[in-house]
$ cat protein.cif   # mmCIF, C-alpha atoms
data_final
loop_
_atom_site.group_PDB
_atom_site.id
_atom_site.type_symbol
_atom_site.label_atom_id
_atom_site.label_comp_id
_atom_site.auth_asym_id
_atom_site.auth_seq_id
_atom_site.Cartn_x
_atom_site.Cartn_y
_atom_site.Cartn_z
ATOM 1 C CA MET A 15 -11.789 11.321 5.018
ATOM 2 C CA ASN A 16 -12.378 8.141 7.028
ATOM 3 C CA TYR A 17 -10.208 5.226 5.946
ATOM 4 C CA ASP A 18 -11.166 2.666 8.596
ATOM 5 C CA PHE A 19 -11.407 0.014 5.891
ATOM 6 C CA ILE A 20 -7.637 -0.208 5.302
ATOM 7 C CA GLN A 21 -6.836 -3.064 7.685
ATOM 8 C CA THR A 22 -9.886 -5.090 6.662
ATOM 9 C CA ARG A 23 -9.226 -4.549 2.966
ATOM 10 C CA CYS A 24 -5.546 -5.476 3.196
ATOM 11 C CA LEU A 25 -6.129 -8.580 5.306
ATOM 12 C CA SER A 26 -8.938 -9.771 3.020
ATOM 13 C CA LYS A 27 -6.342 -10.465 0.327
ATOM 14 C CA LYS A 28 -5.264 -14.069 -0.110
ATOM 15 C CA GLY A 29 -2.102 -14.743 1.927
ATOM 16 C CA ALA A 30 -1.904 -11.194 3.329
ATOM 17 C CA GLU A 31 -0.259 -10.691 6.703
ATOM 18 C CA GLN A 32 -0.003 -7.718 9.013
ATOM 19 C CA ILE A 33 3.292 -7.046 10.774
ATOM 20 C CA TYR A 34 4.194 -4.183 13.086
ATOM 21 C CA LYS A 35 7.621 -2.731 12.294
ATOM 22 C CA GLN A 36 8.771 -1.249 15.589
ATOM 23 C CA GLU A 37 11.819 0.432 14.067
ATOM 24 C CA TRP A 38 9.514 2.316 11.676
ATOM 25 C CA ASP A 39 6.564 2.645 14.086
ATOM 26 C CA ALA A 40 4.442 1.443 11.178
ATOM 27 C CA VAL A 41 2.120 -1.386 10.216
ATOM 28 C CA CYS A 42 3.248 -3.360 7.186
ATOM 29 C CA TYR A 43 0.926 -5.471 5.038
ATOM 30 C CA GLN A 44 2.667 -8.122 3.012
ATOM 31 C CA VAL A 45 2.105 -11.183 0.872
ATOM 32 C CA GLY A 46 4.725 -13.866 0.381
ATOM 33 C CA GLY A 47 7.069 -11.855 2.612
ATOM 34 C CA LYS A 48 6.892 -8.797 0.324
ATOM 35 C CA MET A 49 5.318 -5.509 1.399
ATOM 36 C CA PHE A 50 2.339 -4.124 -0.521
ATOM 37 C CA ALA A 51 1.190 -1.424 1.930
ATOM 38 C CA LEU A 52 2.718 0.472 4.820
ATOM 39 C CA VAL A 53 0.742 2.582 7.305
ATOM 40 C CA GLY A 54 2.650 5.032 9.455
ATOM 41 C CA ALA A 55 3.442 8.736 9.663
ATOM 42 C CA ASN A 56 5.786 11.136 7.921
ATOM 43 C CA ALA A 57 8.373 13.306 9.718
ATOM 44 C CA GLU A 58 5.704 15.892 10.576
ATOM 45 C CA GLY A 59 3.516 13.203 12.159
ATOM 46 C CA ARG A 60 0.865 13.121 9.422
ATOM 47 C CA ALA A 61 -0.654 9.672 9.005
ATOM 48 C CA ILE A 62 0.129 8.094 5.627
ATOM 49 C CA ILE A 63 -0.270 4.861 3.759
ATOM 50 C CA SER A 64 2.253 3.932 1.093
ATOM 51 C CA VAL A 65 1.430 1.592 -1.785
ATOM 52 C CA LYS A 66 3.216 0.284 -4.861
ATOM 53 C CA HIS A 67 2.064 1.015 -8.408
ATOM 54 C CA ALA A 68 3.168 1.132 -12.023
ATOM 55 C CA PRO A 69 5.264 4.295 -12.542
ATOM 56 C CA GLN A 70 2.852 5.899 -15.019
ATOM 57 C CA GLU A 71 -0.101 5.251 -12.699
ATOM 58 C CA GLY A 72 1.677 6.970 -9.824
ATOM 59 C CA GLU A 73 2.354 10.039 -11.932
ATOM 60 C CA LYS A 74 -1.321 10.305 -12.915
ATOM 61 C CA LEU A 75 -2.488 9.967 -9.318
ATOM 62 C CA ARG A 76 -0.006 12.508 -7.955
ATOM 63 C CA GLU A 77 -1.043 15.001 -10.638
ATOM 64 C CA LYS A 78 -4.735 14.541 -9.864
ATOM 65 C CA TYR A 79 -4.646 14.486 -6.035
ATOM 66 C CA SER A 80 -2.542 16.806 -3.893
ATOM 67 C CA ASP A 81 -2.793 14.332 -0.973
ATOM 68 C CA ILE A 82 -0.937 11.663 -2.972
ATOM 69 C CA VAL A 83 2.821 12.241 -2.959
ATOM 70 C CA HIS A 84 5.971 10.320 -3.824
ATOM 71 C CA GLY A 85 6.536 7.353 -1.508
ATOM 72 C CA TYR A 86 7.817 8.430 1.883
ATOM 73 C CA TYR A 87 11.194 6.720 2.449
ATOM 74 C CA LEU A 88 10.436 4.375 -0.458
ATOM 75 C CA ASN A 89 11.320 4.222 -4.144
ATOM 76 C CA LYS A 90 9.771 7.407 -5.521
ATOM 77 C CA THR A 91 9.102 5.872 -8.940
ATOM 78 C CA HIS A 92 7.213 2.779 -7.787
ATOM 79 C CA TRP A 93 5.612 3.905 -4.526
ATOM 80 C CA SER A 94 3.249 6.704 -3.509
ATOM 81 C CA SER A 95 2.068 7.810 -0.093
ATOM 82 C CA VAL A 96 -1.477 8.984 0.621
ATOM 83 C CA PHE A 97 -2.149 11.406 3.476
ATOM 84 C CA LEU A 98 -4.886 9.794 5.567
ATOM 85 C CA ASP A 99 -6.134 13.176 6.786
ATOM 86 C CA GLY A 100 -6.578 14.271 3.182
ATOM 87 C CA SER A 101 -9.354 14.104 0.633
ATOM 88 C CA VAL A 102 -8.466 11.189 -1.656
ATOM 89 C CA PRO A 103 -11.742 9.407 -2.440
ATOM 90 C CA GLU A 104 -12.208 6.050 -0.730
ATOM 91 C CA ASN A 105 -12.695 4.204 -4.018
ATOM 92 C CA VAL A 106 -9.357 5.562 -5.301
ATOM 93 C CA LEU A 107 -7.456 4.366 -2.233
ATOM 94 C CA LYS A 108 -9.199 0.976 -2.395
ATOM 95 C CA ARG A 109 -8.133 0.600 -6.019
ATOM 96 C CA MET A 110 -4.582 1.611 -5.105
ATOM 97 C CA LEU A 111 -4.506 -1.074 -2.379
ATOM 98 C CA ASP A 112 -5.873 -3.706 -4.757
ATOM 99 C CA ASP A 113 -3.401 -2.775 -7.495
ATOM 100 C CA SER A 114 -0.468 -2.792 -5.061
ATOM 101 C CA TYR A 115 -1.370 -6.249 -3.799
ATOM 102 C CA GLU A 116 -1.711 -7.563 -7.362
ATOM 103 C CA LEU A 117 1.666 -6.133 -8.401
ATOM 104 C CA ILE A 118 3.411 -7.776 -5.469
ATOM 105 C CA PHE A 119 1.525 -11.067 -5.753
ATOM 106 C CA ASN A 120 2.228 -11.333 -9.497
ATOM 107 C CA ALA A 121 5.941 -10.702 -8.901
ATOM 108 C CA LEU A 122 6.167 -13.716 -6.565
ATOM 109 C CA SER A 123 7.418 -16.994 -7.946
ATOM 110 C CA LYS A 124 4.762 -19.341 -9.332
ATOM 111 C CA LYS A 125 5.606 -21.774 -6.537
ATOM 112 C CA VAL A 126 4.903 -19.167 -3.845
ATOM 113 C CA GLN A 127 1.750 -17.995 -5.651
ATOM 114 C CA ASN A 128 0.462 -21.570 -5.793
ATOM 115 C CA GLU A 129 1.221 -22.110 -2.084
ATOM 116 C CA ILE A 130 -0.717 -18.973 -1.194
ATOM 117 C CA LEU A 131 -3.655 -19.877 -3.420
ATOM 118 C CA SER A 132 -3.851 -23.420 -2.087
ATOM 119 C CA ASN A 133 -4.138 -22.306 1.561
#
$ encode --input "protein.cif" --output "structure tokens"
Amino acid sequence: MNYDFIQTRCLSKKGAEQIYKQEWDAVCYQVGGKMFALVGANAEGRAIISVKHAPQEGEKLREKYSDIVHGYYLNKTHWSSVFLDGSVPENVLKRMLDDSYELIFNALSKKVQNEILSN
């Protein structure tokens, strides 16, 4: 599957920033200083993207798609990782990115949300 849209989709979100984490050899997308997506590789070198979700949503996705697994080096209840060489439909990954951003944005203080929205 071709997931070339990831960077564009993440950076299209209001207040989103891209940061390279050298110590992780991964690209982090964040809003208000909080991560909502992380693109890197697992220990075997397979490319992955990790996103946050509601616990019950993560369970459903992992049951339905074998290329969605518990978050790699992240909280296994609230994060899932998607193998980028797998077969997860593009629309599913796009929804996961959107949902992750919304979860993180909504958890920010109202002051920070307002600052982001006013820029």
$ resolve_selection --input "protein.cif" --expression "the PyMOL selection byres ((chain A and resi 91-99) around 6)" --output "number ranges by chain"
A: 61-67, 69, 81-85, 89-90, 100
$ atom_distance --input "protein.cif" --atom1 "CA of Glu31 in chain A" --atom2 "CA of Leu75 in chain A"
26.2 Å
$ closest_residue --input "protein.cif" --among "A:Gly59, A:Pro103, A:Gly46, A:Gly54" --to "Asn120 in chain A" --atoms "only C-alpha atoms"
A:Gly46
$ closest_residue --input "protein.cif" --among "A:Glu37, A:Lys74, A:Thr22, A:Val45" --to "Glu129 in chain A" --atoms "only C-alpha atoms"
A:Val45
$ closest_residue --input "protein.cif" --among "A:Ala68, A:Ile33, A:Ile130, A:Leu25" --to "Leu52 in chain A" --atoms "only C-alpha atoms"
A:Ile33
$ closest_residue --input "protein.cif" --among "A:Ala55, A:Lys108, A:Leu117, A:Trp38" --to "Gln21 in chain A" --atoms "all atoms listed in the file"
A:Lys108
$ atom_distance --input "protein.cif" --atom1 "CA of Glu104 in chain A" --atom2 "CA of Ile20 in chain A"
9.8 Å
$ atom_distance --input "protein.cif" --atom1 "CA of Gly47 in chain A" --atom2 "CA of Val126 in chain A"
10.0 Å
$ axis_aligned_box --input "protein.cif" --around "range 61-72 of chain A" --padding-each-side "3 Å" --output "AutoDock Vina command-line options"
--center_x 2.3 --center_y 5.0 --center_z -3.0 --size_x 11.9 --size_y 15.4 --size_z 30.0
$ closest_residue --input "protein.cif" --among "A:Tyr79, A:Phe119, A:Tyr43, A:Tyr87" --to "Cys24 in chain A" --atoms "all atoms listed in the file"
A:Tyr43
$ residues_around --input "protein.cif" --residues "Lys48 in chain A" --least-positions-apart "6" --cutoff "10 Å" --atoms "only C-alpha atoms" --output "PyMOL selection string"
chain A and resi 30-31+42+115+118-119+121-122
$ closest_residue --input "protein.cif" --among "A:Arg60, A:Leu88, A:Phe50, A:Lys78" --to "Val106 in chain A" --atoms "all atoms listed in the file"
A:Lys78
$ decode --input "protein.cif" --residues "range 25-87 of chain A" --atoms "C-alpha atoms" --output "PDB file, in the first residue's frame"
ATOM      1  CA  LEU A  25       0.750  18.854   8.496  1.00  0.00           C
ATOM      2  CA  SER A  26      -2.630  19.979   7.138  1.00  0.00           C
ATOM      3  CA  LYS A  27      -3.990  19.903  10.690  1.00  0.00           C
ATOM      4  CA  LYS A  28      -4.270  23.230  12.477  1.00  0.00           C
ATOM      5  CA  GLY A  29      -1.143  23.847  14.586  1.00  0.00           C
ATOM      6  CA  ALA A  30       0.548  20.581  13.552  1.00  0.00           C
ATOM      7  CA  GLU A  31       4.332  20.448  13.544  1.00  0.00           C
ATOM      8  CA  GLN A  32       6.806  17.888  12.292  1.00  0.00           C
ATOM      9  CA  ILE A  33       9.874  17.125  14.393  1.00  0.00           C
ATOM     10  CA  TYR A  34      12.617  14.596  13.737  1.00  0.00           C
ATOM     11  CA  LYS A  35      13.531  12.634  16.866  1.00  0.00           C
ATOM     12  CA  GLN A  36      17.128  11.589  16.273  1.00  0.00           C
ATOM     13  CA  GLU A  37      17.246   9.328  19.324  1.00  0.00           C
ATOM     14  CA  TRP A  38      14.291   7.365  17.911  1.00  0.00           C
ATOM     15  CA  ASP A  39      15.209   7.793  14.224  1.00  0.00           C
ATOM     16  CA  ALA A  40      11.567   8.744  13.738  1.00  0.00           C
ATOM     17  CA  VAL A  41       9.424  11.633  12.564  1.00  0.00           C
ATOM     18  CA  CYS A  42       7.001  12.931  15.171  1.00  0.00           C
ATOM     19  CA  TYR A  43       3.865  14.921  14.357  1.00  0.00           C
ATOM     20  CA  GLN A  44       2.541  16.974  17.219  1.00  0.00           C
ATOM     21  CA  VAL A  45       0.078  19.684  18.144  1.00  0.00           C
ATOM     22  CA  GLY A  46       0.507  21.917  21.167  1.00  0.00           C
ATOM     23  CA  GLY A  47       3.718  20.036  21.985  1.00  0.00           C
ATOM     24  CA  LYS A  48       1.890  16.685  22.222  1.00  0.00           C
ATOM     25  CA  MET A  49       2.497  13.832  19.786  1.00  0.00           C
ATOM     26  CA  PHE A  50      -0.376  12.516  17.665  1.00  0.00           C
ATOM     27  CA  ALA A  51       1.590  10.415  15.147  1.00  0.00           C
ATOM     28  CA  LEU A  52       5.027   8.852  14.986  1.00  0.00           C
ATOM     29  CA  VAL A  53       6.608   7.433  11.821  1.00  0.00           C
ATOM     30  CA  GLY A  54       9.600   5.161  12.204  1.00  0.00           C
ATOM     31  CA  ALA A  55      10.493   1.474  12.165  1.00  0.00           C
ATOM     32  CA  ASN A  56      10.180  -1.443  14.548  1.00  0.00           C
ATOM     33  CA  ALA A  57      13.123  -3.581  15.734  1.00  0.00           C
ATOM     34  CA  GLU A  58      12.992  -5.652  12.533  1.00  0.00           C
ATOM     35  CA  GLY A  59      13.201  -2.496  10.407  1.00  0.00           C
ATOM     36  CA  ARG A  60       9.594  -2.550   9.178  1.00  0.00           C
ATOM     37  CA  ALA A  61       8.225   0.940   8.608  1.00  0.00           C
ATOM     38  CA  ILE A  62       5.381   1.833  10.979  1.00  0.00           C
ATOM     39  CA  ILE A  63       3.215   4.738  11.968  1.00  0.00           C
ATOM     40  CA  SER A  64       1.825   4.905  15.486  1.00  0.00           C
ATOM     41  CA  VAL A  65      -1.340   6.820  16.352  1.00  0.00           C
ATOM     42  CA  LYS A  66      -3.455   7.380  19.447  1.00  0.00           C
ATOM     43  CA  HIS A  67      -7.060   6.217  19.746  1.00  0.00           C
ATOM     44  CA  ALA A  68      -9.811   5.374  22.199  1.00  0.00           C
ATOM     45  CA  PRO A  69      -9.061   1.941  23.721  1.00  0.00           C
ATOM     46  CA  GLN A  70     -12.166   0.251  22.298  1.00  0.00           C
ATOM     47  CA  GLU A  71     -11.426   1.621  18.819  1.00  0.00           C
ATOM     48  CA  GLY A  72      -7.911   0.200  18.919  1.00  0.00           C
ATOM     49  CA  GLU A  73      -9.208  -3.234  19.843  1.00  0.00           C
ATOM     50  CA  LYS A  74     -11.651  -3.216  16.915  1.00  0.00           C
ATOM     51  CA  LEU A  75      -8.964  -2.152  14.453  1.00  0.00           C
ATOM     52  CA  ARG A  76      -6.420  -4.713  15.657  1.00  0.00           C
ATOM     53  CA  GLU A  77      -9.029  -7.472  15.388  1.00  0.00           C
ATOM     54  CA  LYS A  78      -9.975  -6.452  11.852  1.00  0.00           C
ATOM     55  CA  TYR A  79      -6.510  -5.776  10.366  1.00  0.00           C
ATOM     56  CA  SER A  80      -3.452  -7.946  10.952  1.00  0.00           C
ATOM     57  CA  ASP A  81      -1.186  -5.013   9.968  1.00  0.00           C
ATOM     58  CA  ILE A  82      -2.439  -2.952  12.926  1.00  0.00           C
ATOM     59  CA  VAL A  83      -0.746  -3.965  16.176  1.00  0.00           C
ATOM     60  CA  HIS A  84      -0.349  -2.605  19.691  1.00  0.00           C
ATOM     61  CA  GLY A  85       1.680   0.615  19.773  1.00  0.00           C
ATOM     62  CA  TYR A  86       5.380  -0.034  19.330  1.00  0.00           C
ATOM     63  CA  TYR A  87       7.179   1.329  22.421  1.00  0.00           C
TER      64      TYR A  87
END
